[in-house]
file query-v9.cif (mmCIF, C-alpha atoms (C1' of nucleotides))
data_protein
#
loop_
_atom_site.label_atom_id
_atom_site.label_comp_id
_atom_site.auth_asym_id
_atom_site.auth_seq_id
_atom_site.Cartn_x
_atom_site.Cartn_y
_atom_site.Cartn_z
CA MET A 21 85.76 -50.24 44.31
CA LYS A 22 89.49 -50.17 43.57
CA PRO A 23 91.30 -51.87 46.45
CA ASP A 24 94.35 -49.61 46.32
CA ILE A 25 92.21 -46.50 46.66
CA VAL A 26 90.33 -48.08 49.55
CA THR A 27 93.66 -48.77 51.23
CA ILE A 28 94.74 -45.17 50.85
CA LEU A 29 91.49 -43.93 52.36
CA ASP A 30 91.80 -46.41 55.24
CA GLU A 31 95.34 -45.27 55.90
CA HIS A 32 94.08 -41.72 56.24
CA GLY A 33 91.26 -42.65 58.58
CA ILE A 34 88.60 -42.04 55.93
CA GLN A 35 85.68 -44.43 55.81
CA PRO A 36 85.45 -45.58 52.19
CA SER A 37 82.22 -45.30 50.26
CA ALA A 38 81.58 -45.63 46.58
CA GLN A 39 81.39 -41.85 46.22
CA ARG A 40 84.57 -41.21 48.16
CA VAL A 41 86.48 -43.78 46.17
CA ALA A 42 85.31 -42.18 42.93
CA VAL A 43 86.37 -38.71 44.12
CA ALA A 44 89.73 -40.02 45.36
CA GLU A 45 90.33 -41.85 42.13
CA PHE A 46 89.79 -38.69 40.15
CA VAL A 47 91.61 -36.21 42.32
CA LEU A 48 94.62 -38.41 43.05
CA SER A 49 95.24 -39.22 39.42
CA THR A 50 95.44 -35.69 38.04
CA THR A 51 98.18 -33.12 38.35
CA GLU A 52 95.94 -30.36 37.08
CA HIS A 53 94.89 -28.75 40.35
CA PRO A 54 91.14 -28.99 39.69
CA SER A 55 88.48 -26.85 41.35
CA ALA A 56 85.67 -28.49 43.28
CA ASP A 57 83.24 -28.09 40.40
CA ARG A 58 85.81 -29.48 37.99
CA VAL A 59 86.12 -32.53 40.24
CA TRP A 60 82.35 -32.80 40.28
CA THR A 61 81.99 -32.92 36.50
CA GLY A 62 85.02 -35.18 36.21
CA VAL A 63 83.73 -37.69 38.72
CA GLN A 64 80.29 -37.69 37.11
CA GLU A 65 81.74 -39.55 34.14
CA SER A 66 82.40 -42.59 36.28
CA PHE A 67 79.68 -41.94 38.87
CA PRO A 68 76.82 -40.05 37.22
CA MET A 69 74.55 -39.72 40.22
CA ILE A 70 76.96 -38.14 42.67
CA SER A 71 75.72 -34.87 44.13
CA ARG A 72 77.55 -31.60 44.26
CA ALA A 73 77.32 -31.40 48.04
CA THR A 74 78.98 -34.79 48.38
CA VAL A 75 81.90 -33.72 46.22
CA TYR A 76 82.38 -30.58 48.32
CA ASN A 77 82.02 -32.53 51.59
CA THR A 78 84.41 -35.20 50.39
CA LEU A 79 87.10 -32.82 49.21
CA HIS A 80 86.99 -30.94 52.50
CA LEU A 81 87.21 -34.22 54.39
CA PHE A 82 90.21 -35.26 52.32
CA VAL A 83 91.90 -31.94 53.12
CA LYS A 84 91.20 -32.35 56.84
CA LYS A 85 92.62 -35.85 56.77
CA GLY A 86 95.74 -34.74 54.91
CA LEU A 87 95.10 -36.69 51.74
CA ILE A 88 95.10 -33.61 49.52
CA ARG A 89 95.75 -29.91 49.94
CA GLU A 90 93.74 -26.80 49.23
CA LEU A 91 95.30 -24.00 47.21
CA HIS A 92 94.29 -20.34 47.15
CA LEU A 93 96.06 -19.16 44.05
CA ALA A 94 93.29 -18.23 41.63
CA PRO A 95 90.73 -15.43 41.94
CA ASP A 96 87.65 -17.48 41.13
CA SER A 97 87.85 -20.71 43.08
CA VAL A 98 89.72 -22.92 45.51
CA LEU A 99 91.91 -25.52 43.85
CA PHE A 100 92.94 -28.95 45.10
CA ASP A 101 96.40 -30.47 44.92
CA SER A 102 96.98 -34.19 45.32
CA ASN A 103 100.70 -33.60 45.74
CA ILE A 104 101.09 -33.38 49.50
CA ASP A 105 104.89 -33.26 49.47
CA ARG A 106 106.24 -29.78 50.09
CA HIS A 107 106.61 -27.91 46.86
CA HIS A 108 106.32 -24.50 45.29
CA HIS A 109 103.92 -23.23 42.62
CA PHE A 110 104.26 -21.48 39.33
CA ILE A 111 101.20 -19.84 37.75
CA ASP A 112 101.12 -19.27 34.01
CA GLU A 113 99.61 -15.81 33.67
CA GLU A 114 98.32 -16.50 30.17
CA THR A 115 96.61 -19.83 30.68
CA GLY A 116 96.06 -19.85 34.42
CA ARG A 117 97.65 -23.28 34.53
CA ILE A 118 99.48 -24.14 37.72
CA TYR A 119 102.74 -26.08 37.84
CA ASP A 120 104.34 -27.78 40.81
CA ILE A 121 107.97 -26.82 41.42
CA PRO A 122 110.08 -29.30 43.41
CA TRP A 123 110.96 -28.18 46.90
CA ASN A 124 114.72 -28.42 46.43
CA GLN A 125 114.76 -26.37 43.28
CA ILE A 126 114.49 -23.14 45.23
CA GLU A 127 116.49 -22.14 48.24
CA VAL A 128 114.77 -19.99 50.88
CA ASN A 129 116.76 -18.58 53.79
CA ASN A 130 116.50 -16.24 56.76
CA MET A 131 112.99 -17.31 57.72
CA LYS A 132 114.08 -17.65 61.34
CA THR A 133 114.63 -13.92 61.58
CA LEU A 134 110.85 -13.49 61.57
CA ARG A 135 110.56 -13.50 65.34
CA ASP A 136 106.98 -12.25 65.44
CA PHE A 137 105.65 -15.21 63.52
CA GLU A 138 105.45 -18.91 64.12
CA ILE A 139 105.63 -20.34 60.63
CA HIS A 140 103.82 -23.62 60.10
CA ASP A 141 104.21 -23.78 56.37
CA TYR A 142 105.47 -21.74 53.46
CA GLN A 143 105.96 -21.84 49.74
CA VAL A 144 107.19 -19.66 46.92
CA VAL A 145 104.46 -18.57 44.52
CA MET A 146 105.68 -17.48 41.09
CA ARG A 147 103.86 -15.92 38.17
CA GLY A 148 104.97 -15.65 34.60
CA ARG A 149 104.98 -17.52 31.34
CA SER A 150 105.70 -21.17 30.74
CA ARG A 151 108.20 -21.69 27.95
CA HIS A 152 107.16 -25.25 27.16
CA PRO A 153 103.47 -25.66 27.85
CA PRO A 154 102.54 -29.34 27.85
CA GLY A 155 99.74 -30.94 25.82
CA MET B 21 88.50 16.22 47.05
CA LYS B 22 91.86 15.80 48.80
CA PRO B 23 94.52 17.39 46.56
CA ASP B 24 97.22 14.84 47.43
CA ILE B 25 95.00 11.93 46.45
CA VAL B 26 94.10 13.70 43.21
CA THR B 27 97.80 14.08 42.50
CA ILE B 28 98.44 10.39 43.06
CA LEU B 29 95.61 9.47 40.70
CA ASP B 30 96.91 11.90 38.08
CA GLU B 31 100.39 10.43 38.37
CA HIS B 32 98.98 7.03 37.58
CA GLY B 33 96.96 8.20 34.60
CA ILE B 34 93.66 7.87 36.41
CA GLN B 35 91.02 10.53 35.81
CA PRO B 36 89.94 11.68 39.25
CA SER B 37 86.30 11.72 40.25
CA ALA B 38 84.71 12.09 43.65
CA GLN B 39 84.09 8.35 43.84
CA ARG B 40 87.60 7.40 42.78
CA VAL B 41 89.12 9.77 45.31
CA ALA B 42 86.99 8.27 48.06
CA VAL B 43 88.02 4.73 47.09
CA ALA B 44 91.68 5.70 46.84
CA GLU B 45 91.54 7.49 50.16
CA PHE B 46 90.21 4.38 51.83
CA VAL B 47 92.33 1.75 50.17
CA LEU B 48 95.60 3.67 50.33
CA SER B 49 95.28 4.40 54.01
CA THR B 50 94.78 0.87 55.30
CA THR B 51 97.27 -1.94 55.66
CA GLU B 52 94.53 -4.48 56.20
CA HIS B 53 94.26 -5.98 52.73
CA PRO B 54 90.51 -5.39 52.37
CA SER B 55 88.22 -7.27 50.00
CA ALA B 56 86.20 -5.37 47.42
CA ASP B 57 83.04 -5.54 49.51
CA ARG B 58 84.98 -4.42 52.57
CA VAL B 59 86.15 -1.40 50.58
CA TRP B 60 82.58 -0.77 49.53
CA THR B 61 81.22 -0.65 53.06
CA GLY B 62 84.24 1.32 54.24
CA VAL B 63 83.91 3.95 51.55
CA GLN B 64 80.19 4.27 52.16
CA GLU B 65 80.94 5.96 55.47
CA SER B 66 82.42 8.94 53.68
CA PHE B 67 80.47 8.55 50.44
CA PRO B 68 77.11 6.94 51.20
CA MET B 69 75.71 6.83 47.70
CA ILE B 70 78.55 5.04 45.93
CA SER B 71 77.47 1.92 44.10
CA ARG B 72 78.97 -1.52 44.37
CA ALA B 73 79.76 -1.65 40.66
CA THR B 74 81.75 1.55 40.89
CA VAL B 75 83.87 0.19 43.71
CA TYR B 76 84.62 -2.96 41.75
CA ASN B 77 85.33 -0.99 38.57
CA THR B 78 87.53 1.45 40.44
CA LEU B 79 89.57 -1.19 42.23
CA HIS B 80 90.19 -3.04 38.98
CA LEU B 81 91.20 0.21 37.32
CA PHE B 82 93.61 0.94 40.16
CA VAL B 83 95.15 -2.51 39.74
CA LYS B 84 95.51 -2.05 35.99
CA LYS B 85 97.18 1.31 36.53
CA GLY B 86 99.57 -0.09 39.12
CA LEU B 87 98.26 1.90 42.06
CA ILE B 88 97.39 -1.17 44.11
CA ARG B 89 97.79 -4.93 43.79
CA GLU B 90 95.39 -7.81 43.84
CA LEU B 91 96.09 -10.77 46.14
CA HIS B 92 94.76 -14.30 45.85
CA LEU B 93 95.50 -15.63 49.30
CA ALA B 94 92.10 -16.25 50.86
CA PRO B 95 89.48 -18.82 49.84
CA ASP B 96 86.52 -16.48 49.77
CA SER B 97 87.54 -13.30 48.00
CA VAL B 98 90.18 -11.29 46.22
CA LEU B 99 92.07 -8.89 48.49
CA PHE B 100 93.69 -5.59 47.66
CA ASP B 101 97.09 -4.42 48.79
CA SER B 102 98.11 -0.78 48.66
CA ASN B 103 101.73 -1.72 49.23
CA ILE B 104 103.10 -1.99 45.71
CA ASP B 105 106.71 -2.48 46.75
CA ARG B 106 107.86 -6.08 46.44
CA HIS B 107 107.17 -7.96 49.61
CA HIS B 108 106.15 -11.32 50.99
CA HIS B 109 103.01 -12.32 52.89
CA PHE B 110 102.29 -14.07 56.13
CA ILE B 111 98.77 -15.39 56.79
CA ASP B 112 97.62 -15.92 60.36
CA GLU B 113 95.77 -19.23 60.22
CA GLU B 114 93.63 -18.38 63.23
CA THR B 115 92.46 -14.90 62.33
CA GLY B 116 92.95 -14.87 58.57
CA ARG B 117 94.82 -11.61 58.98
CA ILE B 118 97.51 -10.96 56.41
CA TYR B 119 100.84 -9.33 57.22
CA ASP B 120 103.35 -7.83 54.83
CA ILE B 121 106.90 -9.12 55.21
CA PRO B 122 109.70 -6.87 53.92
CA TRP B 123 111.36 -8.10 50.77
CA ASN B 124 114.86 -8.21 52.24
CA GLN B 125 113.87 -10.22 55.25
CA ILE B 126 113.85 -13.45 53.24
CA GLU B 127 116.49 -14.65 50.86
CA VAL B 128 115.36 -16.66 47.84
CA ASN B 129 117.93 -18.30 45.56
CA ASN B 130 118.26 -20.64 42.60
CA MET B 131 115.26 -19.26 40.75
CA LYS B 132 117.31 -19.08 37.56
CA THR B 133 117.54 -22.86 37.42
CA LEU B 134 113.87 -22.93 36.40
CA ARG B 135 114.62 -22.93 32.71
CA ASP B 136 111.12 -23.86 31.62
CA PHE B 137 109.58 -20.77 33.15
CA GLU B 138 109.90 -17.06 32.55
CA ILE B 139 109.26 -15.60 35.98
CA HIS B 140 107.68 -12.14 36.03
CA ASP B 141 107.05 -11.98 39.73
CA TYR B 142 107.29 -14.09 42.86
CA GLN B 143 106.76 -13.97 46.57
CA VAL B 144 106.99 -16.22 49.59
CA VAL B 145 103.62 -17.04 51.16
CA MET B 146 103.77 -18.19 54.76
CA ARG B 147 101.07 -19.55 57.06
CA GLY B 148 101.14 -19.88 60.81
CA ARG B 149 100.44 -17.98 63.96
CA SER B 150 101.30 -14.40 64.78
CA ARG B 151 102.99 -14.10 68.15
CA HIS B 152 102.09 -10.46 68.68
CA PRO B 153 98.79 -9.72 67.00
CA PRO B 154 98.24 -5.97 66.80
CA GLY B 155 95.31 -4.10 68.28
"C1'" DC C 28 75.69 25.49 24.53
"C1'" DA C 29 75.99 20.90 22.03
"C1'" DG C 30 78.12 16.58 21.27
"C1'" DA C 31 81.02 12.99 22.67
"C1'" DA C 32 83.55 10.39 25.72
"C1'" DG C 33 83.87 8.71 30.02
"C1'" DA C 34 82.00 7.60 34.73
"C1'" DT C 35 78.33 6.01 37.62
"C1'" DT C 36 74.30 3.53 38.74
"C1'" DA C 37 70.64 -0.15 40.00
"C1'" DG C 38 69.64 -4.27 39.42
"C1'" DA C 39 69.80 -8.58 36.84
"C1'" DC C 40 72.71 -12.28 36.28
"C1'" DA C 41 76.36 -15.97 36.99
"C1'" DA C 42 79.50 -18.79 39.60
"C1'" DT C 43 81.13 -20.69 43.75
"C1'" DG C 44 80.33 -22.42 48.00
"C1'" DT C 45 77.32 -23.53 52.33
"C1'" DC C 46 73.41 -25.28 54.74
"C1'" DT C 47 69.29 -27.98 55.87
"C1'" DA C 48 66.31 -31.51 56.38
"C1'" DA C 49 65.15 -35.81 54.56
"C1'" DT C 50 66.72 -40.13 53.07
"C1'" DC C 51 69.84 -43.87 52.48
"C1'" DT C 52 73.71 -47.16 53.85
"C1'" DG C 53 76.41 -49.99 56.35
"C1'" DC C 54 78.48 -51.40 60.66
"C1'" DG C 55 78.04 -53.33 65.38
"C1'" DA C 56 75.31 -55.42 69.04
"C1'" DC C 57 72.63 -58.85 69.91
"C1'" DG D 16 70.53 -62.35 60.21
"C1'" DT D 17 68.26 -58.04 61.61
"C1'" DC D 18 67.66 -53.97 64.33
"C1'" DG D 19 69.08 -49.58 65.36
"C1'" DC D 20 72.09 -45.85 64.99
"C1'" DA D 21 75.83 -43.18 63.38
"C1'" DG D 22 77.51 -41.61 59.46
"C1'" DA D 23 77.04 -40.60 54.41
"C1'" DT D 24 74.44 -38.78 50.66
"C1'" DT D 25 71.10 -36.00 48.45
"C1'" DA D 26 68.29 -32.07 46.16
"C1'" DG D 27 67.58 -27.85 46.39
"C1'" DA D 28 67.39 -23.49 48.88
"C1'" DC D 29 70.33 -20.03 50.24
"C1'" DA D 30 74.43 -16.73 50.67
"C1'" DT D 31 78.30 -14.38 48.90
"C1'" DT D 32 81.29 -12.66 45.49
"C1'" DG D 33 81.84 -10.89 41.26
"C1'" DT D 34 80.25 -9.49 36.32
"C1'" DC D 35 77.31 -7.36 32.96
"C1'" DT D 36 73.92 -4.25 30.84
"C1'" DA D 37 71.55 -0.44 29.63
"C1'" DA D 38 70.30 3.89 31.22
"C1'" DT D 39 71.72 8.11 33.25
"C1'" DC D 40 74.86 11.55 34.77
"C1'" DT D 41 79.41 14.32 34.35
"C1'" DT D 42 82.94 16.34 32.35
"C1'" DC D 43 85.66 17.81 28.68
"C1'" DT D 44 86.05 20.03 24.16
"C1'" DG D 45 84.90 22.75 20.47
#
call {"tool": "encode", "arguments": {"input": "query-v9.cif", "output": "structure tokens"}}
result
Amino acid sequence: MKPDIVTILDEHGIQPSAQRVAVAEFVLSTTEHPSADRVWTGVQESFPMISRATVYNTLHLFVKKGLIRELHLAPDSVLFDSNIDRHHHFIDEETGRIYDIPWNQIEVNNMKTLRDFEIHDYQVVMRGRSRHPPG
Amino acid sequence: MKPDIVTILDEHGIQPSAQRVAVAEFVLSTTEHPSADRVWTGVQESFPMISRATVYNTLHLFVKKGLIRELHLAPDSVLFDSNIDRHHHFIDEETGRIYDIPWNQIEVNNMKTLRDFEIHDYQVVMRGRSRHPPG
DNA sequence: CAGAAGATTAGACAATGTCTAATCTGCGAC
DNA sequence: GTCGCAGATTAGACATTGTCTAATCTTCTG
């Protein structure tokens, strides 16, 4: 069990287990915003006997503990984002791929004029075409 | 078959039928961002024999023809928005209710610095608590 | 009226996500 | 150490959302 991953879990008040370390290792080392089932198949390569329910439980626990975030950007499934710094998202309409956009790259103003709403969080969601798709 | 609804369908290049008029009537007269199944049960009150497949087909057709828009904001289902003017969205984290925020209420700048992306569309998505929930 | 194109339908199917009840594991008290 | 218990994991059933298919029904056109 990787000690650094265990430390991260400890710091977030998550009791480490072999399964949780394997899930954390996978989800924290990708920038690809995987779905729960994608995480499941990915983790199975290093931990073949892990069950689907455990992956779902674990991801939800990680979200509750603030280790990762849940995204609702795609029609078919919830995605998970290991980047917990504030940032925006760009969705490539052709590939469905999701890109993180640094917080400071976009300036958003006038939010305080929304007197009827107490805003806990916000982000800009963009759709379009990526000019330089990676890989 | 309501003549005004038929006109709207015609204007969008949609062949009117009794079912399509019933779906349009429902979805164009609510600001509640219903899911497809919510539209189905809602339309059944005025058109009891409409099938689920027809509602799904019809909603997708409406989206393709630009009569309504599809939203991916909730974890469990796609929502439909009859407001096709540009606007932002606020999601009440307690109720899940979604509110439209007028386009001019929020100022977004610096988007042109995103040279790697060709942006076709964008919106600000906010989460929090509504101070004055309606009805 | 006949043929064709388009619309509707029921129900099968698929994918995603939740739940349950049983089992397993590991930590703390002794 | 080991006993017991809380917490973690599991397989598989279940629910919901959405898609697909093949048959039927409508409507438009000639």
call {"tool": "interface_residues", "arguments": {"input": "query-v9.cif", "of": "chain C", "to": "chain A", "cutoff": "10 Å", "atoms": "all atoms listed in the file", "output": "list of chain:residue names"}}
result
C:DA42, C:DT43, C:DG44, C:DT45, C:DC46, C:DT52, C:DG53
call {"tool": "atom_distance", "arguments": {"input": "query-v9.cif", "atom1": "atom CA of Tyr119 of chain A", "atom2": "atom CA of Gly148 of chain B"}}
result
23.8 Å
call {"tool": "closest_residue", "arguments": {"input": "query-v9.cif", "among": "B:Ile126, B:Asp30, B:Asp120, B:Gln35", "to": "DT42 of chain D", "atoms": "all atoms listed in the file"}}
result
B:Gln35
call {"tool": "closest_residue", "arguments": {"input": "query-v9.cif", "among": "B:Glu127, B:Glu45, B:Glu113, B:Asp101", "to": "Asp141 of chain A", "atoms": "only C-alpha atoms"}}
result
B:Glu113
call {"tool": "atom_distance", "arguments": {"input": "query-v9.cif", "atom1": "atom CA of Arg117 of chain A", "atom2": "atom CA of Arg147 of chain A"}}
result
10.3 Å
call {"tool": "resolve_selection", "arguments": {"input": "query-v9.cif", "expression": "the PyMOL selection byres ((chain C and resi 38) around 12)", "output": "mmCIF file with C-alpha atoms (C1' of nucleotides), in the frame of the given file"}}
result
data_model
loop_
_atom_site.group_PDB
_atom_site.id
_atom_site.type_symbol
_atom_site.label_atom_id
_atom_site.label_comp_id
_atom_site.auth_asym_id
_atom_site.auth_seq_id
_atom_site.Cartn_x
_atom_site.Cartn_y
_atom_site.Cartn_z
ATOM 1 C CA SER B 71 77.470 1.920 44.100
ATOM 2 C CA ARG B 72 78.970 -1.520 44.370
ATOM 3 C CA ALA B 73 79.760 -1.650 40.660
ATOM 4 C "C1'" DT C 36 74.300 3.530 38.740
ATOM 5 C "C1'" DA C 37 70.640 -0.150 40.000
ATOM 6 C "C1'" DA C 39 69.800 -8.580 36.840
ATOM 7 C "C1'" DC C 40 72.710 -12.280 36.280
ATOM 8 C "C1'" DC D 35 77.310 -7.360 32.960
ATOM 9 C "C1'" DT D 36 73.920 -4.250 30.840
ATOM 10 C "C1'" DA D 37 71.550 -0.440 29.630
ATOM 11 C "C1'" DA D 38 70.300 3.890 31.220
#
